[in-house]
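Trainee: Just one file: model02.txt, with compact mmCIF, C-alpha atoms.
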# COMPACT_ATOMS: atom_id res chain seq x y z
CA MET V 1327 28.94 20.69 -23.59
CA THR V 1328 30.78 18.02 -21.68
CA ALA V 1329 31.38 17.94 -17.96
CA GLU V 1330 35.01 18.83 -18.61
CA GLU V 1331 34.09 21.98 -20.52
CA LEU V 1332 31.57 22.93 -17.85
CA ARG V 1333 34.24 22.55 -15.22
CA GLU V 1334 36.58 24.76 -17.24
CA THR V 1335 33.96 27.48 -17.60
CA ILE V 1336 33.32 27.49 -13.87
CA ALA V 1337 37.06 27.58 -13.28
CA ARG V 1338 37.45 30.56 -15.58
CA GLN V 1339 34.54 32.60 -14.26
CA PHE V 1340 34.42 31.65 -10.62
CA GLY V 1341 37.84 30.30 -9.72
CA ARG V 1342 37.31 26.54 -9.85
CA SER V 1343 34.10 26.31 -7.87
CA LEU V 1344 30.67 27.82 -7.73
CA HIS V 1345 28.86 28.16 -4.44
CA ILE V 1346 25.12 27.99 -4.34
CA ARG V 1347 22.88 29.60 -1.76
CA THR V 1348 19.30 28.33 -1.83
CA LEU V 1349 16.52 30.71 -0.88
CA ASP V 1350 13.01 29.49 -0.09
CA THR V 1351 10.54 32.31 -0.65
CA GLY V 1352 7.45 30.38 0.36
CA SER V 1353 7.65 27.17 -1.64
CA CYS V 1354 6.01 23.91 -0.59
CA ALA V 1355 9.52 22.41 -0.01
CA VAL V 1356 9.33 19.87 -2.83
CA CYS V 1357 11.75 22.02 -4.85
CA GLU V 1358 14.04 21.91 -1.79
CA GLN V 1359 13.81 18.13 -1.72
CA GLU V 1360 14.90 17.97 -5.35
CA ILE V 1361 17.72 20.45 -4.68
CA ARG V 1362 18.83 18.36 -1.72
CA LEU V 1363 18.99 15.31 -4.01
CA LEU V 1364 21.66 17.07 -6.08
CA ALA V 1365 24.07 16.27 -3.26
CA ALA V 1366 23.06 12.59 -3.24
CA PRO V 1367 25.46 10.03 -4.76
CA HIS V 1368 23.38 9.60 -7.91
CA TYR V 1369 23.70 13.25 -8.98
CA ASP V 1370 26.69 14.42 -6.92
CA LEU V 1371 26.91 18.04 -7.98
CA ASN V 1372 30.32 18.42 -6.33
CA ARG V 1373 31.85 16.51 -9.27
CA LEU V 1374 30.92 19.50 -11.46
CA GLY V 1375 32.38 22.07 -9.09
CA PHE V 1376 29.10 23.16 -7.51
CA PHE V 1377 28.80 23.44 -3.74
CA PHE V 1378 26.10 24.52 -1.36
CA THR V 1379 26.91 27.26 1.10
CA PRO V 1380 24.80 28.49 4.01
CA ALA V 1381 25.97 32.09 3.73
CA PRO V 1382 25.04 34.54 0.96
CA ARG V 1383 28.38 36.28 1.51
CA HIS V 1384 30.08 33.15 0.16
CA ALA V 1385 27.64 32.49 -2.63
CA ASP V 1386 27.96 33.06 -6.38
CA LEU V 1387 24.56 31.75 -7.34
CA LEU V 1388 21.21 32.31 -5.65
CA LEU V 1389 18.81 29.44 -6.26
CA VAL V 1390 15.38 30.88 -5.51
CA THR V 1391 12.30 28.71 -5.05
CA GLY V 1392 8.75 29.69 -4.24
CA PRO V 1393 6.38 32.45 -5.32
CA MET V 1394 8.14 35.27 -3.40
CA ILE V 1395 5.71 35.99 -0.59
CA ARG V 1396 5.50 39.69 0.20
CA ALA V 1397 6.66 39.20 3.80
CA PHE V 1398 9.93 37.77 2.46
CA ALA V 1399 10.67 40.30 -0.28
CA VAL V 1400 12.87 42.51 1.92
CA ALA V 1401 14.88 39.53 3.16
CA ALA V 1402 15.30 38.28 -0.42
CA ARG V 1403 16.57 41.69 -1.51
CA LYS V 1404 18.99 41.80 1.43
CA THR V 1405 20.25 38.32 0.57
CA TYR V 1406 20.86 39.41 -3.00
CA ASP V 1407 22.63 42.59 -1.87
CA ALA V 1408 24.84 40.62 0.53
CA MET V 1409 26.20 38.45 -2.27
CA PRO V 1410 29.48 39.53 -3.87
CA GLY V 1411 29.49 40.07 -7.61
CA PRO V 1412 29.47 38.60 -10.18
CA LYS V 1413 26.28 36.87 -9.08
CA ILE V 1414 23.62 34.81 -10.75
CA VAL V 1415 19.96 34.48 -9.74
CA VAL V 1416 18.17 31.30 -10.79
CA ALA V 1417 14.38 31.09 -10.42
CA THR V 1418 13.42 27.47 -9.80
CA GLY V 1419 10.05 25.80 -10.19
CA ALA V 1420 6.65 26.75 -11.49
CA CYS V 1421 5.89 28.93 -8.42
CA ALA V 1422 8.93 31.11 -9.04
CA LEU V 1423 7.95 31.44 -12.70
CA GLY V 1424 4.44 32.63 -11.93
CA GLY V 1425 2.51 29.43 -12.47
CA VAL V 1426 0.90 28.67 -9.15
CA TYR V 1427 0.19 31.81 -7.14
CA PRO V 1428 -1.28 35.09 -8.42
CA ASP V 1429 0.11 38.55 -7.76
CA ASP V 1430 -2.05 39.45 -4.78
CA ALA V 1431 -1.87 40.85 -1.26
CA PHE V 1432 0.24 37.92 -0.01
CA THR V 1433 2.61 36.96 -2.80
CA HIS V 1434 4.34 38.71 -5.67
CA GLY V 1435 3.59 35.61 -7.73
CA THR V 1436 6.97 35.60 -9.47
CA VAL V 1437 10.58 36.00 -8.41
CA ASP V 1438 11.16 38.52 -11.22
CA ALA V 1439 9.11 41.08 -9.30
CA VAL V 1440 11.84 41.42 -6.65
CA LEU V 1441 15.13 40.02 -7.98
CA PRO V 1442 16.81 40.30 -11.39
CA VAL V 1443 16.53 36.69 -12.59
CA ASP V 1444 19.16 35.37 -15.01
CA VAL V 1445 18.02 31.78 -15.53
CA TRP V 1446 14.56 30.23 -15.29
CA ILE V 1447 14.12 26.51 -14.55
CA PRO V 1448 10.54 25.30 -15.14
CA GLY V 1449 9.07 22.21 -13.54
CA CYS V 1450 6.87 21.37 -10.60
CA PRO V 1451 9.22 20.35 -9.09
CA PRO V 1452 12.18 20.48 -11.49
CA SER V 1453 13.92 17.12 -11.33
CA PRO V 1454 17.56 17.02 -10.20
CA LEU V 1455 18.60 16.49 -13.82
CA ALA V 1456 16.66 19.60 -14.83
CA LEU V 1457 18.36 21.50 -12.01
CA LEU V 1458 21.77 20.27 -13.18
CA HIS V 1459 20.94 21.44 -16.69
CA GLY V 1460 19.81 24.78 -15.27
CA LEU V 1461 23.03 25.22 -13.35
CA GLY V 1462 24.91 24.37 -16.55
CA VAL V 1463 22.94 26.99 -18.44
CA ALA V 1464 23.64 29.48 -15.65
CA VAL V 1465 27.41 29.13 -15.75
CA GLY V 1466 28.49 27.66 -19.04
CA ARG V 1467 25.54 28.19 -21.36
CA LEU V 1468 24.90 24.46 -21.46
CA ALA V 1469 22.76 24.58 -24.62
CA ASP V 1470 19.81 26.79 -23.81
CA LYS V 1471 17.65 24.77 -26.17
CA VAL V 1472 14.06 25.45 -25.11
CA ARG V 1473 13.65 28.16 -27.75
CA ASP V 1474 13.87 25.56 -30.49
CA LEU V 1475 11.40 23.15 -28.90
CA PRO V 1476 8.00 23.58 -30.57
CA PHE V 1477 6.00 21.49 -28.04
CA THR V 1478 3.92 20.26 -30.93
CA GLU V 1479 3.85 16.81 -32.37
CA ASP V 1480 2.66 16.15 -35.88
CA ARG V 1481 2.33 12.41 -35.65
CA ASP V 1482 -0.84 10.76 -36.80
CA PRO V 1483 -3.42 11.13 -34.01
CA GLU V 1484 -5.08 7.86 -35.12
CA ARG V 1485 -2.20 5.94 -33.60
CA THR V 1486 -3.19 6.87 -30.06
CA ARG V 1487 -6.14 5.72 -28.05
CA GLY V 1488 -9.07 8.03 -27.52
CA GLY V 1489 -9.72 9.10 -31.11
CA SER V 1490 -11.11 12.53 -31.81
CA MET M 1473 32.08 -2.85 6.58
CA THR M 1474 33.69 -5.47 4.33
CA LEU M 1475 30.27 -6.58 3.12
CA TRP M 1476 29.39 -3.00 2.25
CA PHE M 1477 32.63 -2.64 0.35
CA ILE M 1478 31.97 -5.80 -1.68
CA ARG M 1479 28.40 -4.68 -2.30
CA GLY M 1480 29.72 -1.37 -3.60
CA LEU M 1481 32.16 -3.10 -5.92
CA ARG M 1482 29.42 -5.35 -7.27
CA ARG M 1483 27.00 -2.53 -7.97
CA GLY M 1484 29.56 -0.20 -9.48
CA VAL M 1485 29.34 3.57 -9.71
CA VAL M 1486 25.81 4.89 -9.27
CA THR M 1487 26.64 8.50 -10.09
CA THR M 1488 25.10 9.70 -13.32
CA ARG M 1489 27.35 11.03 -16.08
CA TYR M 1490 24.61 13.45 -16.96
CA PRO M 1491 26.05 16.55 -18.63
CA ALA M 1492 28.54 14.45 -20.58
CA ARG M 1493 26.17 11.59 -21.38
CA PRO M 1494 22.37 11.37 -21.27
CA ASP M 1495 20.87 9.86 -18.14
CA ALA M 1496 18.69 6.78 -18.51
CA SER M 1497 15.90 8.28 -16.42
CA GLY M 1498 15.63 11.41 -18.57
CA PRO M 1499 12.73 10.44 -20.86
CA SER M 1500 10.62 9.08 -18.00
CA LEU M 1501 10.76 12.21 -15.86
CA PRO M 1502 7.60 14.28 -15.39
CA ALA M 1503 7.57 16.75 -18.25
CA PRO M 1504 5.23 19.42 -19.58
CA PRO M 1505 2.89 18.11 -22.28
CA ALA M 1506 3.21 18.64 -26.00
CA PHE M 1507 0.24 19.15 -28.31
CA ARG M 1508 -0.91 17.71 -31.63
CA PRO M 1509 -2.05 20.62 -33.79
CA GLN M 1510 -3.77 18.17 -36.14
CA ALA M 1511 -6.14 17.09 -33.38
CA LEU M 1512 -6.35 20.37 -31.49
CA THR M 1513 -9.62 21.94 -32.56
CA SER M 1514 -10.73 25.34 -31.31
CA HIS M 1515 -13.33 23.65 -29.13
CA THR M 1516 -10.70 21.44 -27.48
CA ALA M 1517 -8.35 24.40 -27.06
CA ASP M 1518 -11.05 26.41 -25.27
CA LEU M 1519 -11.71 23.44 -23.03
CA LEU M 1520 -8.02 22.97 -22.16
CA ALA M 1521 -7.51 26.68 -21.47
CA ALA M 1522 -10.48 26.58 -19.12
CA ILE M 1523 -9.33 23.56 -17.08
CA CYS M 1524 -5.62 24.46 -16.79
CA PRO M 1525 -5.23 25.15 -13.05
CA SER M 1526 -1.97 27.08 -13.31
CA GLY M 1527 -2.91 29.36 -16.19
CA ALA M 1528 -0.26 27.91 -18.46
CA LEU M 1529 -2.74 27.60 -21.32
CA ARG M 1530 -4.46 30.67 -22.71
CA ARG M 1531 -6.51 31.17 -25.85
CA ASP M 1532 -5.56 33.82 -28.34
CA ARG M 1533 -6.79 34.39 -31.85
CA GLY M 1534 -6.09 31.21 -33.79
CA VAL M 1535 -3.51 29.88 -31.32
CA LEU M 1536 -3.23 28.29 -27.93
CA VAL M 1537 -0.64 30.28 -25.94
CA TYR M 1538 1.34 27.79 -23.88
CA ASP M 1539 3.60 29.09 -21.10
CA VAL M 1540 5.85 26.12 -20.36
CA GLY M 1541 7.27 27.91 -17.31
CA ARG M 1542 3.90 28.00 -15.62
CA CYS M 1543 3.02 24.38 -16.37
CA THR M 1544 3.07 22.10 -13.34
CA ALA M 1545 2.74 18.91 -15.45
CA CYS M 1546 -0.44 17.98 -13.55
CA GLY M 1547 -1.75 16.03 -16.55
CA ARG M 1548 -5.30 17.40 -16.50
CA CYS M 1549 -5.11 18.43 -20.15
CA ALA M 1550 -3.85 14.97 -21.12
CA ALA M 1551 -6.70 13.38 -19.17
CA LYS M 1552 -9.27 15.67 -20.78
CA ALA M 1553 -8.10 15.38 -24.38
CA PRO M 1554 -5.78 12.38 -24.78
CA HIS M 1555 -6.02 12.57 -28.57
CA ALA M 1556 -4.60 16.11 -28.70
CA VAL M 1557 -2.12 16.08 -25.82
CA THR M 1558 1.00 13.93 -25.65
CA ARG M 1559 4.16 13.61 -23.59
CA SER M 1560 7.02 15.91 -24.54
CA CYS M 1561 9.69 13.90 -22.63
CA GLU M 1562 11.75 17.07 -22.33
CA PHE M 1563 13.37 18.07 -19.07
CA GLU M 1564 16.19 20.35 -20.28
CA LEU M 1565 14.00 23.43 -20.16
CA ALA M 1566 16.19 25.91 -18.29
CA THR M 1567 16.61 29.15 -20.20
CA THR M 1568 18.14 32.59 -19.89
CA ASP M 1569 15.19 34.13 -21.72
CA ARG M 1570 11.78 33.90 -20.09
CA SER M 1571 9.95 34.59 -23.36
CA ALA M 1572 11.54 31.48 -24.90
CA LEU M 1573 9.28 29.41 -22.65
CA ILE M 1574 6.10 30.88 -24.14
CA LYS M 1575 4.95 28.84 -27.13
CA GLU M 1576 2.15 29.39 -29.57
CA ILE M 1577 0.40 26.19 -30.56
CA PRO M 1578 -1.60 26.50 -33.80
CA VAL M 1579 -5.25 25.56 -33.43
CA ARG M 1580 -7.34 23.94 -36.16
CA GLU M 1581 -10.52 25.95 -36.66
CA GLU M 1582 -13.57 23.79 -37.16
CA ALA M 1583 -16.65 24.85 -39.05
CA ARG M 1584 -19.28 24.16 -36.50
Spell out the structure here as structure tokens.

Mentor:
Amino acid sequence: MTAEELRETIARQFGRSLHIRTLDTGSCAVCEQEIRLLAAPHYDLNRLGFFFTPAPRHADLLLVTGPMIRAFAVAARKTYDAMPGPKIVVATGACALGGVYPDDAFTHGTVDAVLPVDVWIPGCPPSPLALLHGLGVAVGRLADKVRDLPFTEDRDPERTRGGS
Amino acid sequence: MTLWFIRGLRRGVVTTRYPARPDASGPSLPAPPAFRPQALTSHTADLLAAICPSGALRRDRGVLVYDVGRCTACGRCAAKAPHAVTRSCEFELATTDRSALIKEIPVREEAR
């Protein structure tokens, strides 16, 4: 999908622009640094019709980072409830996908435990390009292609160093 | 001010064209590893599942269950078994289906 098609999809579904509210549920803030870079000149997410907003009342998309600490679960739920529909929840980073923290007395371990997640973006942290792809998947179905990736490589192992 | 303007003209547009065109930095980004089933023996798979700090690798009967969503790309598996683990160079991993991120890597059983 090209940027033009992505822009058209956003225009159709969300009236020309999509506003993003980021929600830190106990992350180490590296995901936030990568999200912040989306607004930098190199990535410039405004060219695709995405904008950051500080208020959940104005947001269409909730970009959740962190392992969802239990102390924050009520606030996360309230943030989600405050958003007008239609709304999208994007779980960002390995913490939010259950990779770093267990489900214990302090954290839920995953964002899914509290919020209905629509799109998952892996990575620790996900790079700005991965975040852009994730936002594209969230709005315009920008080729959700991970299902077809085997993560296996059948090249000759003799070619690499190390041997077997 | 004028110098900045000239500098900007000389350097051109820095903004990536990413969704329309691939970005040059894409293949060099940190990415979850891929595996070589030819070199992945059951012994190596047990070892990798034991050292994975985020629980992304788990052993099941005959396969190595690989949850790409949990992987933090720390590189410990690649350091432990460089012959069986390689770079995937994939960063477009966002998905609307969590189960699509869980892969089953076939493991070569060794008679030993």

Trainee: Between V:Leu1458, V:Met1394, V:Val1445, V:Val1356, which has the minimum distance to chain M (counting all atoms listed in the file)?

Mentor: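 The closest residue to chain M is V:Val1445.
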
Trainee: Between M:Asp1539, M:Glu1582, M:Glu1564, M:Asp1532, which has the minimum distance to chain V (counting all atoms listed in the file)?

Mentor: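 Checking each of M:Asp1539, M:Glu1582, M:Glu1564, M:Asp1532 against chain V, counting all atoms listed in the file, the winner is M:Glu1564.
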
Trainee: Counting all atoms listed in the file, figure out which residue out of M:Leu1475, M:Cys1546, M:Cys1561, M:Val1486 gets nearest to chain V.

Mentor: M:Val1486

Trainee: Rank M:Pro1554, M:Pro1504, M:Pro1494, M:Gly1480 by their smallest atom-to-atom distance to M:Ala1528, using only C-alpha atoms, and report the top residue only.

Mentor: M:Pro1504

Trainee: Let me make sure I understand: among M:Leu1573, M:Val1540, M:Leu1529, M:Ala1545, which one has the smallest atom-to-atom distance to M:Ala1503 if we use all atoms listed in the file?

Mentor: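 Closest candidate: M:Ala1545.
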
Trainee: Considering all atoms listed in the file, can you say which of V:Phe1398, V:Tyr1427, V:Phe1432, V:Phe1376 comes closest to V:Arg1347?

Mentor: V:Phe1376

Trainee: Mind giving me the straight-line distance from atom CA of V:Ser1353 to atom CA of V:Asp1474 in Å, one decimal?

Mentor: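 Between these atoms lies a distance of 29.6 Å.
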
Trainee: If you take only C-alpha atoms and a cut-off of 8 Å, which residues of chain M touch chain V, and what are their nearest atom pairs and distances in Å to one decimal, in chain and number order, as JSON lines?

Mentor:
{"residue": "M:Val1486", "atom": "CA", "partner": "V:His1368", "partner_atom": "CA", "distance": 5.5}
{"residue": "M:Thr1487", "atom": "CA", "partner": "V:His1368", "partner_atom": "CA", "distance": 4.1}
{"residue": "M:Thr1488", "atom": "CA", "partner": "V:His1368", "partner_atom": "CA", "distance": 5.7}
{"residue": "M:Tyr1490", "atom": "CA", "partner": "V:Leu1455", "partner_atom": "CA", "distance": 7.4}
{"residue": "M:Pro1491", "atom": "CA", "partner": "V:Ala1329", "partner_atom": "CA", "distance": 5.5}
{"residue": "M:Ala1492", "atom": "CA", "partner": "V:Thr1328", "partner_atom": "CA", "distance": 4.4}
{"residue": "M:Arg1493", "atom": "CA", "partner": "V:Thr1328", "partner_atom": "CA", "distance": 7.9}
{"residue": "M:Gly1498", "atom": "CA", "partner": "V:Leu1455", "partner_atom": "CA", "distance": 7.6}
{"residue": "M:Leu1501", "atom": "CA", "partner": "V:Ser1453", "partner_atom": "CA", "distance": 7.4}
{"residue": "M:Ala1503", "atom": "CA", "partner": "V:Gly1449", "partner_atom": "CA", "distance": 7.4}
{"residue": "M:Pro1504", "atom": "CA", "partner": "V:Gly1449", "partner_atom": "CA", "distance": 7.7}
{"residue": "M:Pro1505", "atom": "CA", "partner": "V:Phe1477", "partner_atom": "CA", "distance": 7.4}
{"residue": "M:Ala1506", "atom": "CA", "partner": "V:Phe1477", "partner_atom": "CA", "distance": 4.5}
{"residue": "M:Phe1507", "atom": "CA", "partner": "V:Thr1478", "partner_atom": "CA", "distance": 4.7}
{"residue": "M:Arg1508", "atom": "CA", "partner": "V:Glu1479", "partner_atom": "CA", "distance": 4.9}
{"residue": "M:Pro1509", "atom": "CA", "partner": "V:Thr1478", "partner_atom": "CA", "distance": 6.6}
{"residue": "M:Gln1510", "atom": "CA", "partner": "V:Asp1480", "partner_atom": "CA", "distance": 6.7}
{"residue": "M:Ala1511", "atom": "CA", "partner": "V:Pro1483", "partner_atom": "CA", "distance": 6.6}
{"residue": "M:Ser1526", "atom": "CA", "partner": "V:Gly1425", "partner_atom": "CA", "distance": 5.1}
{"residue": "M:Gly1527", "atom": "CA", "partner": "V:Gly1425", "partner_atom": "CA", "distance": 6.6}
{"residue": "M:Ala1528", "atom": "CA", "partner": "V:Gly1425", "partner_atom": "CA", "distance": 6.8}
{"residue": "M:Val1540", "atom": "CA", "partner": "V:Pro1448", "partner_atom": "CA", "distance": 7.1}
{"residue": "M:Gly1541", "atom": "CA", "partner": "V:Pro1448", "partner_atom": "CA", "distance": 4.7}
{"residue": "M:Arg1542", "atom": "CA", "partner": "V:Gly1425", "partner_atom": "CA", "distance": 3.7}
{"residue": "M:Cys1543", "atom": "CA", "partner": "V:Gly1425", "partner_atom": "CA", "distance": 6.4}
{"residue": "M:Thr1544", "atom": "CA", "partner": "V:Cys1450", "partner_atom": "CA", "distance": 4.7}
{"residue": "M:Ala1545", "atom": "CA", "partner": "V:Cys1450", "partner_atom": "CA", "distance": 6.8}
{"residue": "M:Pro1554", "atom": "CA", "partner": "V:Gly1488", "partner_atom": "CA", "distance": 6.1}
{"residue": "M:His1555", "atom": "CA", "partner": "V:Gly1488", "partner_atom": "CA", "distance": 5.6}
{"residue": "M:Ala1556", "atom": "CA", "partner": "V:Pro1483", "partner_atom": "CA", "distance": 7.4}
{"residue": "M:Thr1558", "atom": "CA", "partner": "V:Glu1479", "partner_atom": "CA", "distance": 7.8}
{"residue": "M:Ser1560", "atom": "CA", "partner": "V:Phe1477", "partner_atom": "CA", "distance": 6.7}
{"residue": "M:Phe1563", "atom": "CA", "partner": "V:Ala1456", "partner_atom": "CA", "distance": 5.6}
{"residue": "M:Glu1564", "atom": "CA", "partner": "V:Ala1456", "partner_atom": "CA", "distance": 5.5}
{"residue": "M:Leu1565", "atom": "CA", "partner": "V:Val1472", "partner_atom": "CA", "distance": 5.3}
{"residue": "M:Ala1566", "atom": "CA", "partner": "V:Ile1447", "partner_atom": "CA", "distance": 4.3}
{"residue": "M:Thr1567", "atom": "CA", "partner": "V:Asp1470", "partner_atom": "CA", "distance": 5.4}
{"residue": "M:Thr1568", "atom": "CA", "partner": "V:Val1445", "partner_atom": "CA", "distance": 4.4}
{"residue": "M:Asp1569", "atom": "CA", "partner": "V:Val1445", "partner_atom": "CA", "distance": 7.2}
{"residue": "M:Arg1570", "atom": "CA", "partner": "V:Trp1446", "partner_atom": "CA", "distance": 6.7}
{"residue": "M:Ala1572", "atom": "CA", "partner": "V:Arg1473", "partner_atom": "CA", "distance": 4.9}
{"residue": "M:Leu1573", "atom": "CA", "partner": "V:Val1472", "partner_atom": "CA", "distance": 6.7}
{"residue": "M:Lys1575", "atom": "CA", "partner": "V:Pro1476", "partner_atom": "CA", "distance": 7.0}
{"residue": "M:Ile1577", "atom": "CA", "partner": "V:Thr1478", "partner_atom": "CA", "distance": 6.9}
